[in-house]
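Student: Take a look at coords-v9.txt, compact mmCIF, C-alpha atoms:
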```
# COMPACT_ATOMS: atom_id res chain seq x y z
CA MET A 3 -0.12 22.31 -40.64
CA ASN A 4 3.29 23.29 -39.26
CA ASN A 5 5.06 23.23 -35.91
CA GLU A 6 3.69 26.65 -34.91
CA ASN A 7 0.11 25.43 -35.32
CA ASP A 8 0.71 22.39 -33.13
CA SER A 9 -1.09 23.81 -30.13
CA ALA A 10 -4.36 24.14 -32.09
CA TRP A 11 -4.60 20.57 -33.33
CA LEU A 12 -3.06 19.19 -30.15
CA THR A 13 -5.82 20.85 -28.14
CA GLN A 14 -8.43 19.27 -30.39
CA ALA A 15 -6.70 15.90 -30.20
CA THR A 16 -6.44 15.89 -26.41
CA THR A 17 -10.07 17.01 -26.15
CA ALA A 18 -11.12 14.10 -28.32
CA LEU A 19 -8.99 11.74 -26.19
CA ASP A 20 -10.55 13.13 -23.01
CA GLU A 21 -14.02 12.53 -24.40
CA SER A 22 -13.17 8.97 -25.41
CA ALA A 23 -11.94 8.27 -21.87
CA ARG A 24 -14.94 9.96 -20.28
CA ASP A 25 -17.61 8.18 -22.29
CA LEU A 26 -16.66 4.59 -21.57
CA ASP A 27 -19.55 2.12 -21.39
CA ALA A 28 -20.96 0.89 -18.10
CA ALA A 29 -19.57 -2.63 -18.43
CA THR A 30 -16.05 -1.31 -18.91
CA LEU A 31 -16.37 1.07 -15.98
CA SER A 32 -17.60 -1.79 -13.83
CA ARG A 33 -14.58 -3.89 -14.81
CA LEU A 34 -12.26 -1.00 -13.99
CA ASN A 35 -13.94 -0.54 -10.62
CA ARG A 36 -13.58 -4.24 -9.81
CA ALA A 37 -9.92 -4.17 -10.86
CA ARG A 38 -9.27 -1.17 -8.62
CA GLN A 39 -11.03 -2.74 -5.64
CA ALA A 40 -9.11 -5.99 -6.15
CA ALA A 41 -5.81 -4.09 -6.17
CA LEU A 42 -6.74 -2.26 -2.96
CA GLN A 43 -7.92 -5.52 -1.37
CA GLN A 44 -4.53 -7.00 -2.11
CA LYS A 45 -2.96 -4.10 -0.21
CA ARG A 46 -5.35 -4.64 2.73
CA SER A 47 -4.47 -8.33 2.87
CA ARG A 48 -0.76 -7.57 2.89
CA ARG A 49 -1.27 -5.00 5.65
CA LEU A 50 -3.33 -7.39 7.79
CA SER A 51 -0.48 -9.87 7.66
CA TRP A 52 1.59 -7.56 9.93
CA MET A 53 -1.16 -5.61 11.70
CA LEU A 54 -2.74 -8.68 13.29
CA PRO A 55 0.45 -9.81 15.08
CA ALA A 56 1.21 -6.19 16.00
CA GLY A 57 -2.26 -5.77 17.51
CA LEU A 58 -1.97 -9.03 19.42
CA ALA A 59 1.47 -8.05 20.69
CA SER A 60 0.12 -4.68 21.85
CA ALA A 61 -2.79 -6.34 23.67
CA CYS A 62 -0.45 -8.85 25.34
CA ALA A 63 1.91 -6.05 26.39
CA MET A 64 -1.04 -4.14 27.85
CA VAL A 65 -2.27 -7.16 29.83
CA LEU A 66 1.23 -7.92 31.05
CA ALA A 67 1.84 -4.32 32.12
CA ILE A 68 -1.46 -4.19 34.00
CA GLY A 69 -0.62 -7.47 35.71
CA VAL A 70 2.85 -6.29 36.76
CA TRP A 71 1.55 -2.94 37.96
CA HIS A 72 -1.30 -4.52 39.90
CA GLY A 73 1.11 -6.95 41.56
CA ALA A 74 3.52 -4.16 42.48
CA VAL A 75 0.95 -2.09 44.40
CA ARG A 76 -0.52 -5.03 46.39
CA GLU A 77 0.60 -5.47 50.05
CA PRO A 78 3.22 -8.18 50.37
CA GLU A 79 1.76 -11.35 51.83
CA LEU A 80 2.99 -12.44 55.29
CA PRO A 81 5.15 -15.52 55.23
CA THR A 82 3.27 -18.71 56.03
CA LEU A 83 4.61 -21.37 58.26
CA PRO A 84 4.61 -24.89 56.93
CA ASN A 85 3.35 -26.42 60.13
CA ALA A 86 -0.22 -25.48 61.00
CA GLU A 87 0.37 -26.11 64.69
CA LEU A 88 3.43 -23.90 64.66
CA ALA A 89 1.57 -21.27 62.76
CA HIS A 90 -1.15 -21.38 65.38
CA SER A 91 1.41 -20.89 68.15
CA VAL A 92 2.69 -17.70 66.65
CA ASN A 93 0.44 -14.72 66.90
CA TRP A 94 1.22 -12.69 63.75
CA SER A 95 -1.31 -10.11 64.71
CA ASN A 96 1.07 -8.77 67.36
CA GLY A 97 2.95 -6.79 64.79
CA ALA A 98 1.87 -3.53 66.41
CA ASP A 99 3.35 -4.64 69.75
CA ASP A 100 6.62 -5.55 68.08
CA LEU A 101 6.73 -2.13 66.45
CA GLU A 102 6.16 -0.43 69.77
CA MET A 103 8.88 -2.51 71.33
CA VAL A 104 11.41 -1.63 68.68
CA ALA A 105 10.50 2.05 68.66
CA ASN A 106 11.07 2.61 72.36
CA GLU A 107 14.77 2.75 73.31
CA ASP A 108 14.11 1.84 76.98
CA ASN A 109 12.10 -1.21 76.00
CA ILE A 110 14.99 -2.49 73.88
CA GLU A 111 17.30 -2.46 76.92
CA LEU A 112 14.60 -4.17 78.98
CA TYR A 113 14.19 -6.94 76.44
CA GLN A 114 17.96 -7.35 76.11
CA ASP A 115 18.10 -8.11 79.86
CA LEU A 116 15.16 -10.49 79.85
CA ASP A 117 17.39 -13.38 80.96
CA PHE A 118 18.50 -11.41 84.00
CA TYR A 119 14.94 -10.59 84.93
CA ALA A 120 13.94 -14.20 84.48
CA TRP A 121 16.79 -15.32 86.82
CA LEU A 122 15.80 -12.60 89.30
CA ASP A 123 12.22 -13.82 89.20
CA THR A 124 13.43 -17.39 89.89
CA GLN A 125 15.49 -16.20 92.85
CA ASN A 126 12.51 -14.33 94.28
CA GLN A 127 10.32 -17.40 93.96
CA GLU A 128 12.92 -19.61 95.74
CA HIS A 129 13.31 -17.01 98.44
CA ASP A 130 9.52 -16.84 98.88
CA GLY A 131 9.28 -20.61 98.87
CA MET B 22 3.46 2.24 36.04
CA HIS B 23 6.00 3.04 33.37
CA GLN B 24 5.17 -0.23 31.62
CA LEU B 25 1.48 0.61 31.70
CA LEU B 26 2.13 4.02 30.11
CA THR B 27 4.32 2.37 27.50
CA ALA B 28 1.57 -0.08 26.64
CA ILE B 29 -1.02 2.70 26.42
CA ASN B 30 1.28 4.69 24.13
CA GLU B 31 1.71 1.62 21.97
CA GLN B 32 -2.06 1.20 21.73
CA SER B 33 -2.58 4.84 20.71
CA TRP B 34 0.25 4.53 18.18
CA THR B 35 -1.53 1.54 16.64
CA ALA B 36 -4.80 3.53 16.47
CA ARG B 37 -3.03 6.46 14.81
CA ARG B 38 -1.36 4.06 12.39
CA VAL B 39 -4.74 2.57 11.42
CA ASP B 40 -6.10 6.08 10.71
CA THR B 41 -3.07 6.88 8.56
CA VAL B 42 -3.41 3.64 6.65
CA LYS B 43 -7.10 4.37 5.93
CA ALA B 44 -6.24 7.86 4.67
CA ASP B 45 -3.50 6.41 2.47
CA GLU B 46 -5.94 3.88 1.06
CA ARG B 47 -8.47 6.60 0.24
CA ALA B 48 -5.76 8.62 -1.53
CA LEU B 49 -4.67 5.53 -3.46
CA ASP B 50 -8.27 4.79 -4.48
CA GLN B 51 -8.71 8.37 -5.71
CA PHE B 52 -5.47 8.22 -7.66
CA LEU B 53 -6.35 4.94 -9.38
CA LYS B 54 -9.82 6.26 -10.17
CA ALA B 55 -8.24 9.34 -11.76
CA VAL B 56 -5.86 7.43 -14.03
CA GLU B 57 -7.73 4.23 -14.84
CA ARG B 58 -9.69 5.55 -17.85
CA ARG B 59 -6.68 7.09 -19.56
CA ALA B 60 -4.66 4.00 -18.79
CA LEU B 61 -7.37 1.89 -20.41
CA ARG B 62 -7.41 4.05 -23.52
CA MET B 63 -3.63 3.76 -23.80
CA ALA B 64 -3.88 -0.01 -23.47
CA ASP B 65 -6.77 0.01 -25.98
CA MET B 66 -4.59 1.69 -28.57
CA ALA B 67 -1.65 -0.60 -27.84
CA THR B 68 -3.59 -3.85 -28.07
CA GLY B 69 -6.63 -3.05 -30.16
CA ASN B 70 -8.58 -5.35 -27.89
CA ARG B 71 -10.72 -4.13 -24.99
CA GLU B 72 -10.51 -7.34 -22.95
CA GLU B 73 -6.73 -7.51 -23.27
CA ALA B 74 -6.54 -3.82 -22.39
CA LEU B 75 -8.64 -4.33 -19.24
CA ASP B 76 -6.44 -7.23 -18.15
CA LEU B 77 -3.32 -5.15 -18.69
CA VAL B 78 -4.70 -2.22 -16.70
CA GLN B 79 -5.68 -4.56 -13.87
CA ASP B 80 -2.17 -6.06 -13.88
CA ALA B 81 -0.72 -2.55 -13.83
CA MET B 82 -2.89 -1.61 -10.84
CA PHE B 83 -1.79 -4.72 -8.94
CA GLY B 84 1.86 -4.13 -9.76
CA PHE B 85 1.68 -0.47 -8.84
CA VAL B 86 -0.04 -1.11 -5.50
CA ARG B 87 2.37 -3.93 -4.66
CA HIS B 88 5.59 -2.04 -5.46
CA TYR B 89 4.95 1.69 -5.32
CA ALA B 90 1.94 2.43 -3.09
CA ALA B 91 4.27 3.35 -0.21
CA LYS B 92 6.00 6.03 -2.30
CA PRO B 93 4.98 9.70 -1.92
CA SER B 94 1.78 10.42 -3.83
CA ALA B 95 3.57 13.05 -5.95
CA GLU B 96 5.53 10.21 -7.56
CA TRP B 97 2.55 7.95 -8.20
CA ALA B 98 1.63 9.06 -11.73
CA PRO B 99 4.98 8.35 -13.43
CA LEU B 100 5.37 5.15 -11.43
CA PHE B 101 1.90 3.88 -12.36
CA TYR B 102 2.54 4.56 -16.04
CA ARG B 103 5.94 2.92 -15.67
CA VAL B 104 4.19 -0.29 -14.57
CA LEU B 105 1.62 0.04 -17.36
CA ASP B 106 4.36 0.69 -19.92
CA SER B 107 6.17 -2.41 -18.71
CA ARG B 108 2.99 -4.49 -19.08
CA LEU B 109 2.40 -3.12 -22.59
CA ASN B 110 5.99 -3.92 -23.59
CA ASP B 111 5.61 -7.45 -22.21
CA TRP B 112 2.37 -7.87 -24.14
CA HIS B 113 4.04 -6.78 -27.38
CA ARG B 114 7.02 -9.04 -26.74
CA ARG B 115 4.77 -12.05 -26.18
CA ARG B 116 2.85 -11.16 -29.31
CA GLN B 117 6.06 -10.97 -31.36
CA VAL B 118 7.22 -14.35 -30.06
CA ARG B 119 3.86 -15.83 -30.95
CA SER B 120 4.08 -14.29 -34.42
CA ARG B 121 7.51 -15.83 -34.94
CA TRP B 122 6.23 -19.25 -33.94
CA MET B 123 3.27 -18.81 -36.24
CA SER B 124 5.53 -17.89 -39.16
CA PHE B 125 7.76 -20.88 -38.33
CA PHE B 126 4.76 -23.19 -38.56
CA SER B 127 3.27 -21.23 -41.44
CA SER B 128 2.99 -24.38 -43.56
CA ALA B 129 0.54 -25.78 -41.04
CA PRO B 130 -3.04 -24.50 -41.25
CA ALA B 131 -3.34 -21.76 -38.66
CA ASP B 132 -6.24 -21.49 -36.31
CA ASP B 133 -8.09 -18.19 -36.72
CA GLU B 134 -7.79 -17.51 -33.01
CA MET B 135 -4.00 -17.69 -33.19
CA ASP B 136 -3.66 -15.66 -36.35
CA PRO B 137 -1.78 -12.45 -35.42
CA VAL B 138 -3.16 -10.68 -38.46
CA ALA B 139 -6.68 -11.52 -37.37
CA GLN B 140 -5.86 -10.27 -33.88
CA ALA B 141 -4.27 -7.01 -35.03
CA PRO B 142 -6.38 -3.91 -34.52
CA ASP B 143 -8.55 -3.10 -37.50
CA LEU B 144 -7.59 0.40 -38.59
CA GLN B 145 -10.74 0.77 -40.68
CA GLU B 146 -13.07 0.04 -37.82
CA PRO B 147 -13.90 3.19 -35.87
CA GLY B 148 -12.42 2.89 -32.38
CA PRO B 149 -13.75 4.53 -29.19
CA LEU B 150 -12.10 7.82 -30.09
CA ALA B 151 -13.72 7.92 -33.51
CA ARG B 152 -17.07 6.88 -32.08
CA VAL B 153 -16.94 9.63 -29.49
CA ALA B 154 -15.72 12.29 -31.87
CA GLY B 155 -18.31 11.03 -34.29
CA ASN B 156 -16.55 12.58 -37.21
CA GLU B 157 -13.75 12.14 -39.66
CA ILE B 158 -11.18 13.86 -37.45
CA GLY B 159 -11.78 11.51 -34.55
CA GLN B 160 -11.42 8.50 -36.80
CA ALA B 161 -8.26 9.88 -38.36
CA LEU B 162 -6.74 10.65 -34.96
CA GLU B 163 -7.54 7.16 -33.65
CA ALA B 164 -6.03 5.56 -36.74
CA ALA B 165 -2.95 7.79 -36.61
CA LEU B 166 -2.34 7.01 -32.93
CA VAL B 167 -2.76 3.27 -33.49
CA ARG B 168 -0.27 3.40 -36.36
CA LEU B 169 2.43 5.02 -34.23
CA PRO B 170 5.15 2.76 -32.83
CA LEU B 171 4.51 1.90 -29.17
CA ARG B 172 7.30 4.08 -27.74
CA GLN B 173 6.30 7.11 -29.81
CA ARG B 174 2.65 6.69 -28.90
CA GLN B 175 3.49 6.38 -25.20
CA ALA B 176 5.70 9.48 -25.34
CA PHE B 177 2.92 11.43 -27.05
CA LEU B 178 0.15 10.26 -24.72
CA LEU B 179 2.14 10.71 -21.52
CA ARG B 180 3.52 14.13 -22.44
CA MET B 181 0.63 15.68 -24.37
CA TRP B 182 -2.41 13.96 -22.88
CA GLU B 183 -1.45 12.91 -19.37
CA GLY B 184 0.58 16.09 -18.92
CA LEU B 185 3.71 14.54 -17.43
CA ASP B 186 6.88 16.59 -17.81
CA VAL B 187 9.90 15.23 -19.65
CA ALA B 188 11.57 13.89 -16.50
CA ALA B 189 8.41 12.10 -15.30
CA THR B 190 7.82 10.68 -18.79
CA ALA B 191 11.40 9.39 -18.79
CA VAL B 192 10.70 7.66 -15.45
CA ALA B 193 7.49 6.17 -16.84
CA MET B 194 9.17 4.94 -20.03
CA ARG B 195 12.41 3.90 -18.32
CA CYS B 196 14.58 5.84 -20.74
CA SER B 197 16.58 9.06 -20.81
CA GLU B 198 14.98 12.46 -21.16
CA GLY B 199 16.71 12.79 -24.52
CA SER B 200 14.98 9.62 -25.73
CA VAL B 201 11.63 11.01 -24.62
CA LYS B 202 12.22 14.15 -26.65
CA THR B 203 13.23 12.09 -29.68
CA HIS B 204 10.18 9.80 -29.43
CA LEU B 205 7.88 12.76 -28.96
CA SER B 206 9.36 14.69 -31.84
CA ARG B 207 8.93 11.73 -34.16
CA ALA B 208 5.39 11.10 -32.91
CA LEU B 209 4.41 14.72 -33.55
CA ALA B 210 5.95 14.57 -37.04
CA HIS B 211 3.94 11.42 -37.84
CA LEU B 212 0.72 12.84 -36.48
CA ARG B 213 1.20 16.15 -38.29
CA ARG B 214 1.68 14.30 -41.53
CA ASP B 215 -1.28 11.94 -40.98
CA LEU B 216 -3.69 14.57 -39.72
CA GLU B 217 -2.66 17.49 -41.90
CA ALA B 218 -5.62 17.16 -44.19
CA HIS B 219 -8.10 17.04 -41.32
CA TYR B 220 -6.94 20.02 -39.32
CA GLU B 221 -6.32 22.57 -42.06
```
Just give me the structure as structure tokens.
Tutor:
Amino acid sequence: MNNENDSAWLTQATTALDESARDLDAATLSRLNRARQAALQQKRSRRLSWMLPAGLASACAMVLAIGVWHGAVREPELPTLPNAELAHSVNWSNGADDLEMVANEDNIELYQDLDFYAWLDTQNQEHDG
Amino acid sequence: MHQLLTAINEQSWTARRVDTVKADERALDQFLKAVERRALRMADMATGNREEALDLVQDAMFGFVRHYAAKPSAEWAPLFYRVLDSRLNDWHRRRQVRSRWMSFFSSAPADDEMDPVAQAPDLQEPGPLARVAGNEIGQALEAALVRLPLRQRQAFLLRMWEGLDVAATAVAMRCSEGSVKTHLSRALAHLRRDLEAHYE
């Protein structure tokens, strides 16, 4: 047997090695399977150690984002007055009237001279009286 | 709204990541399944003891998954055998230390279980290779491989049986490519000499 004939006996040798690896008994194969699963389980455990916090963080971020978004699209609440009696005296439902008043330029001038009209009204009443 | 989209993207990223991780795990399982039998046979020949060989292969799987599973799959084979080679070297080192202690206390009666000679592989007993081959050649090949020094046997098995190239074998054996060639050349010379009569 010389160096040139290596390929022939090497082929036979590797074939024999392949067969010895292929024909392992069931108990040995079972041990190998358990060893492989244990190694993979170790990887799963290590992965869970960071995936669980990451998942929780994602869920919290989602809830927070929904909360912020929901709050942003809601109508702003009207301010409440601390005194119930005072609150009762103010009619907040007249917002439409206020808007109409502000929108009309003539009305603004009228309301700016309310004091004058009030004095004029007083004068008329005295004159009538 | 932007925050909501960001959160949704994050959720879908996590889902994609889980899918990727599952695919990686399947690939890793397939790889380990493909190499475990050869690894066991290598450990068999190194230790001469099936139980010890199984423990070493399991250790190698754990070490490989812990340190190298994140590497590209193309690099897995040399890295797995690197871990196995390391475990085999450790096993031999421990065995040598134990032998030294035993020789130091040689005057004391040695327990059979601790006797390194008793624990050494029996070259006359037909190993798995010989049993499979079922003939004289198989037995001679098994005996010749067991007789090889560990580094030469690893170089032969990784290059000729596992099919790693010189560079990958050097990675697995943690040595230079020149050392791999030297170990392999010597291994082939030993095997040629031991098997000459059987293959002519």
Student: Any idea what the distance is between atom CA of Gln173 of chain B and atom CA of Thr203 of chain B?
Tutor: 8.5 Å
Student: At what distance in Å, to one decimal, does atom CA of Leu34 of chain A lie from atom CA of Tyr89 of chain B?
Tutor: 19.5 Å
Student: Rounded to one decimal, what separation in Å do you get between atom CA of Asp76 of chain B and atom CA of Arg174 of chain B?
Tutor: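 Computing the Euclidean distance for atom CA of Asp76 of chain B and atom CA of Arg174 of chain B yields 19.8 Å.
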Student: I need the chain A residues near chain B as a PyMOL selection string; criterion: at most 9 Å, counting only C-alpha atoms.
Tutor: chain A and resi 3-5+8+10-12+15-26+30-31+33-42+44-46+48-49+53+56-57+60-61+63-68+70-71
Student: Dump C-alpha atoms for the selected residues as a CSV table (one decimal), keeping the file's coordinate frame?
Tutor:
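As a result, part_22.csv now contains:
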```csv
chain,number,residue,atom,x,y,z
A,3,MET,CA,-0.1,22.3,-40.6
A,4,ASN,CA,3.3,23.3,-39.3
A,5,ASN,CA,5.1,23.2,-35.9
A,8,ASP,CA,0.7,22.4,-33.1
A,10,ALA,CA,-4.4,24.1,-32.1
A,11,TRP,CA,-4.6,20.6,-33.3
A,12,LEU,CA,-3.1,19.2,-30.2
A,15,ALA,CA,-6.7,15.9,-30.2
A,16,THR,CA,-6.4,15.9,-26.4
A,17,THR,CA,-10.1,17.0,-26.2
A,18,ALA,CA,-11.1,14.1,-28.3
A,19,LEU,CA,-9.0,11.7,-26.2
A,20,ASP,CA,-10.6,13.1,-23.0
A,21,GLU,CA,-14.0,12.5,-24.4
A,22,SER,CA,-13.2,9.0,-25.4
A,23,ALA,CA,-11.9,8.3,-21.9
A,24,ARG,CA,-14.9,10.0,-20.3
A,25,ASP,CA,-17.6,8.2,-22.3
A,26,LEU,CA,-16.7,4.6,-21.6
A,30,THR,CA,-16.0,-1.3,-18.9
A,31,LEU,CA,-16.4,1.1,-16.0
A,33,ARG,CA,-14.6,-3.9,-14.8
A,34,LEU,CA,-12.3,-1.0,-14.0
A,35,ASN,CA,-13.9,-0.5,-10.6
A,36,ARG,CA,-13.6,-4.2,-9.8
A,37,ALA,CA,-9.9,-4.2,-10.9
A,38,ARG,CA,-9.3,-1.2,-8.6
A,39,GLN,CA,-11.0,-2.7,-5.6
A,40,ALA,CA,-9.1,-6.0,-6.2
A,41,ALA,CA,-5.8,-4.1,-6.2
A,42,LEU,CA,-6.7,-2.3,-3.0
A,44,GLN,CA,-4.5,-7.0,-2.1
A,45,LYS,CA,-3.0,-4.1,-0.2
A,46,ARG,CA,-5.4,-4.6,2.7
A,48,ARG,CA,-0.8,-7.6,2.9
A,49,ARG,CA,-1.3,-5.0,5.6
A,53,MET,CA,-1.2,-5.6,11.7
A,56,ALA,CA,1.2,-6.2,16.0
A,57,GLY,CA,-2.3,-5.8,17.5
A,60,SER,CA,0.1,-4.7,21.8
A,61,ALA,CA,-2.8,-6.3,23.7
A,63,ALA,CA,1.9,-6.0,26.4
A,64,MET,CA,-1.0,-4.1,27.8
A,65,VAL,CA,-2.3,-7.2,29.8
A,66,LEU,CA,1.2,-7.9,31.0
A,67,ALA,CA,1.8,-4.3,32.1
A,68,ILE,CA,-1.5,-4.2,34.0
A,70,VAL,CA,2.8,-6.3,36.8
A,71,TRP,CA,1.6,-2.9,38.0
```
Student: Write out as an NGL selection string which residues come within 9 Å of Leu77 of chain B when counting all atoms listed in the file, dropping same-chain ones fewer than 6 positions away.
Tutor: :B and (61 or 64 or 105 or 108-109 or 112)
Student: Using all atoms listed in the file, which of B:Ala188, B:Met194, B:Ala44, B:Leu179 sits nearest Asp106 of chain B?
Tutor: B:Met194
Student: Quick one: residues within 9 Å of Ala67 of chain B, all atoms listed in the file, excluding same-chain residues fewer than 6 positions away - as a ChimeraX atom specification?
Tutor: /B:74,109,113,142,167,171,174
